[in-house]
Amino acid sequence: MDFINMIQARRSVYNLNKNIPIFDDKIVEIVRDCVKYVPDAFGMQSQRVVVVLGHKNDDLWNAIYDKMVTASNGRFSRDRADSFIDGYGTILYFYDTAIVTETQRQYPLYSDKFHDWIMQSNGMLQFAIWTAFATVGIGANLQHYNPIIDKTVQNMFDLPESWVLVAQMPFGGISLPPSSKHNEDVSWRIKVEK
């Protein structure tokens with residue numbers, strides 16, 4: 001599979017199940033390799049990931065449901081939380097402010113740009129894991145319930161205060177593939193200079 005085909009295979013899949021074509025150790029290997037090889041400004045290694053599997057995934061989304069229902073005055077649906085529980089697991093994406101602060105101290109001339117750079121690295125990490133999952137037949141989607149759930153997640157997994165939650169990626173087997181994407185003309189979004 002060439003790289004463009006891999007990118008095309010990566011889609012938001014919301015109909016997930018627990019039937020995945022690989023074992024847990026392969027999931028962890030994919031995540032580990034992506035964390036290792038995705039670039040980070042100044043080589044600071046600011047990105048952090050928690051891989052949530054099995055009953056912990058159920059516990060996570062039940063806790064998120066409880067927190068979101070309270071925060072949204074009941075507007076967060078049980079069906080939505082259950083759709084993520086139906087999946088096999090969740091990848092939680094973070095960055096570590098302790099590392100970022102230390103690197104900013106070493107490079108004060110660029111310190112106001114570090115937040116942009118760590119978010120770029122986190123986005124690349126999300127994209128890399130999502131695309132790698134798609135190539136092995138695992139569906140995923142991306143959620144952003146932070147900062148509402150930050151403390152809940154931090155306490156549930158006993159994480160350092162310096163870890164800042166960026167996104168949640170439920171993943172699993174694909175119960176229903178997403179509808180096909182239309183062929184959009186993107187030429188107006190690209191400028192070529194010679």
# chains A, B, ... in the order shown; residues from 1 in each chain; ligands from 1
call {"tool": "select_by_dssp", "arguments": {"residues": "chain A", "states": "alpha helix (DSSP H)", "output": "VMD selection string"}}
result
chain A and resid 3 to 9 24 to 37 55 to 71 78 to 85 97 to 106 114 to 135 150 to 156
call {"tool": "residues_around", "arguments": {"residues": "Lys18 in chain A", "least_positions_apart": "6", "cutoff": "7 Å", "atoms": "only C-alpha atoms", "output": "short mmCIF file (atom, residue, chain, number, x, y, z; two decimals) with N, CA and C atoms, in the first residue's frame"}}
result
data_model
loop_
_atom_site.label_atom_id
_atom_site.label_comp_id
_atom_site.auth_asym_id
_atom_site.auth_seq_id
_atom_site.Cartn_x
_atom_site.Cartn_y
_atom_site.Cartn_z
N ASP A 86 -18.61 0.26 22.67
CA ASP A 86 -18.72 -0.84 21.71
C ASP A 86 -17.41 -1.13 21.01
N GLY A 87 -16.52 -0.12 20.95
CA GLY A 87 -15.22 -0.30 20.31
C GLY A 87 -14.29 -1.14 21.16
N TYR A 88 -13.10 -1.37 20.66
CA TYR A 88 -12.12 -2.22 21.34
C TYR A 88 -11.30 -1.46 22.37
N GLY A 172 -11.65 0.34 16.99
CA GLY A 172 -12.13 -1.04 17.05
C GLY A 172 -12.34 -1.62 15.68
N GLY A 173 -13.01 -2.76 15.67
CA GLY A 173 -13.41 -3.36 14.40
C GLY A 173 -14.45 -2.48 13.74
#
call {"tool": "residues_around", "arguments": {"residues": "range 152-154 of chain A", "least_positions_apart": "5", "cutoff": "9 Å", "atoms": "only C-alpha atoms", "output": "PDB file with C-alpha atoms, in the first residue's frame"}}
result
ATOM      1  CA  LEU A  60     -13.324   5.371  30.761  1.00  0.00           C
ATOM      2  CA  ALA A  63     -16.818   8.086  33.528  1.00  0.00           C
ATOM      3  CA  ILE A  64     -16.771  10.452  30.543  1.00  0.00           C
ATOM      4  CA  LYS A  67     -18.919  13.932  33.602  1.00  0.00           C
ATOM      5  CA  LEU A 159      -1.251  10.583  35.458  1.00  0.00           C
ATOM      6  CA  PRO A 160       1.142  13.403  36.311  1.00  0.00           C
ATOM      7  CA  GLU A 161      -0.329  16.905  36.586  1.00  0.00           C
ATOM      8  CA  TRP A 163       0.224  15.803  31.209  1.00  0.00           C
ATOM      9  CA  VAL A 164      -2.357  17.838  29.275  1.00  0.00           C
ATOM     10  CA  LEU A 165      -5.126  15.926  27.490  1.00  0.00           C
TER      11      LEU A 165
END
call {"tool": "closest_residue", "arguments": {"among": "A:Asn62, A:Phe3, A:Val13, A:Gln120", "to": "Ser180 in chain A", "atoms": "only C-alpha atoms"}}
result
A:Val13
call {"tool": "closest_residue", "arguments": {"among": "A:Lys194, A:Val52, A:Gln143, A:Phe127", "to": "Arg11 in chain A", "atoms": "only C-alpha atoms"}}
result
A:Phe127
call {"tool": "select_by_dssp", "arguments": {"residues": "range 3-189 of chain A", "states": "strand (DSSP E)", "output": "MDAnalysis selection string"}}
result
chainID A and resid 15:17 47:53 89:96 139:140 163:176
call {"tool": "residues_around", "arguments": {"residues": "Val136 in chain A", "least_positions_apart": "5", "cutoff": "12 Å", "atoms": "only C-alpha atoms", "output": "list in words"}}
result
Met1, Met6, Ala9, Arg10, Ile20, Pro21, Ile22, Phe23, Lys26, Ile27, Ile30, Ile129, Trp130, Thr131, Gly172, Gly173 and Ile174 of chain A
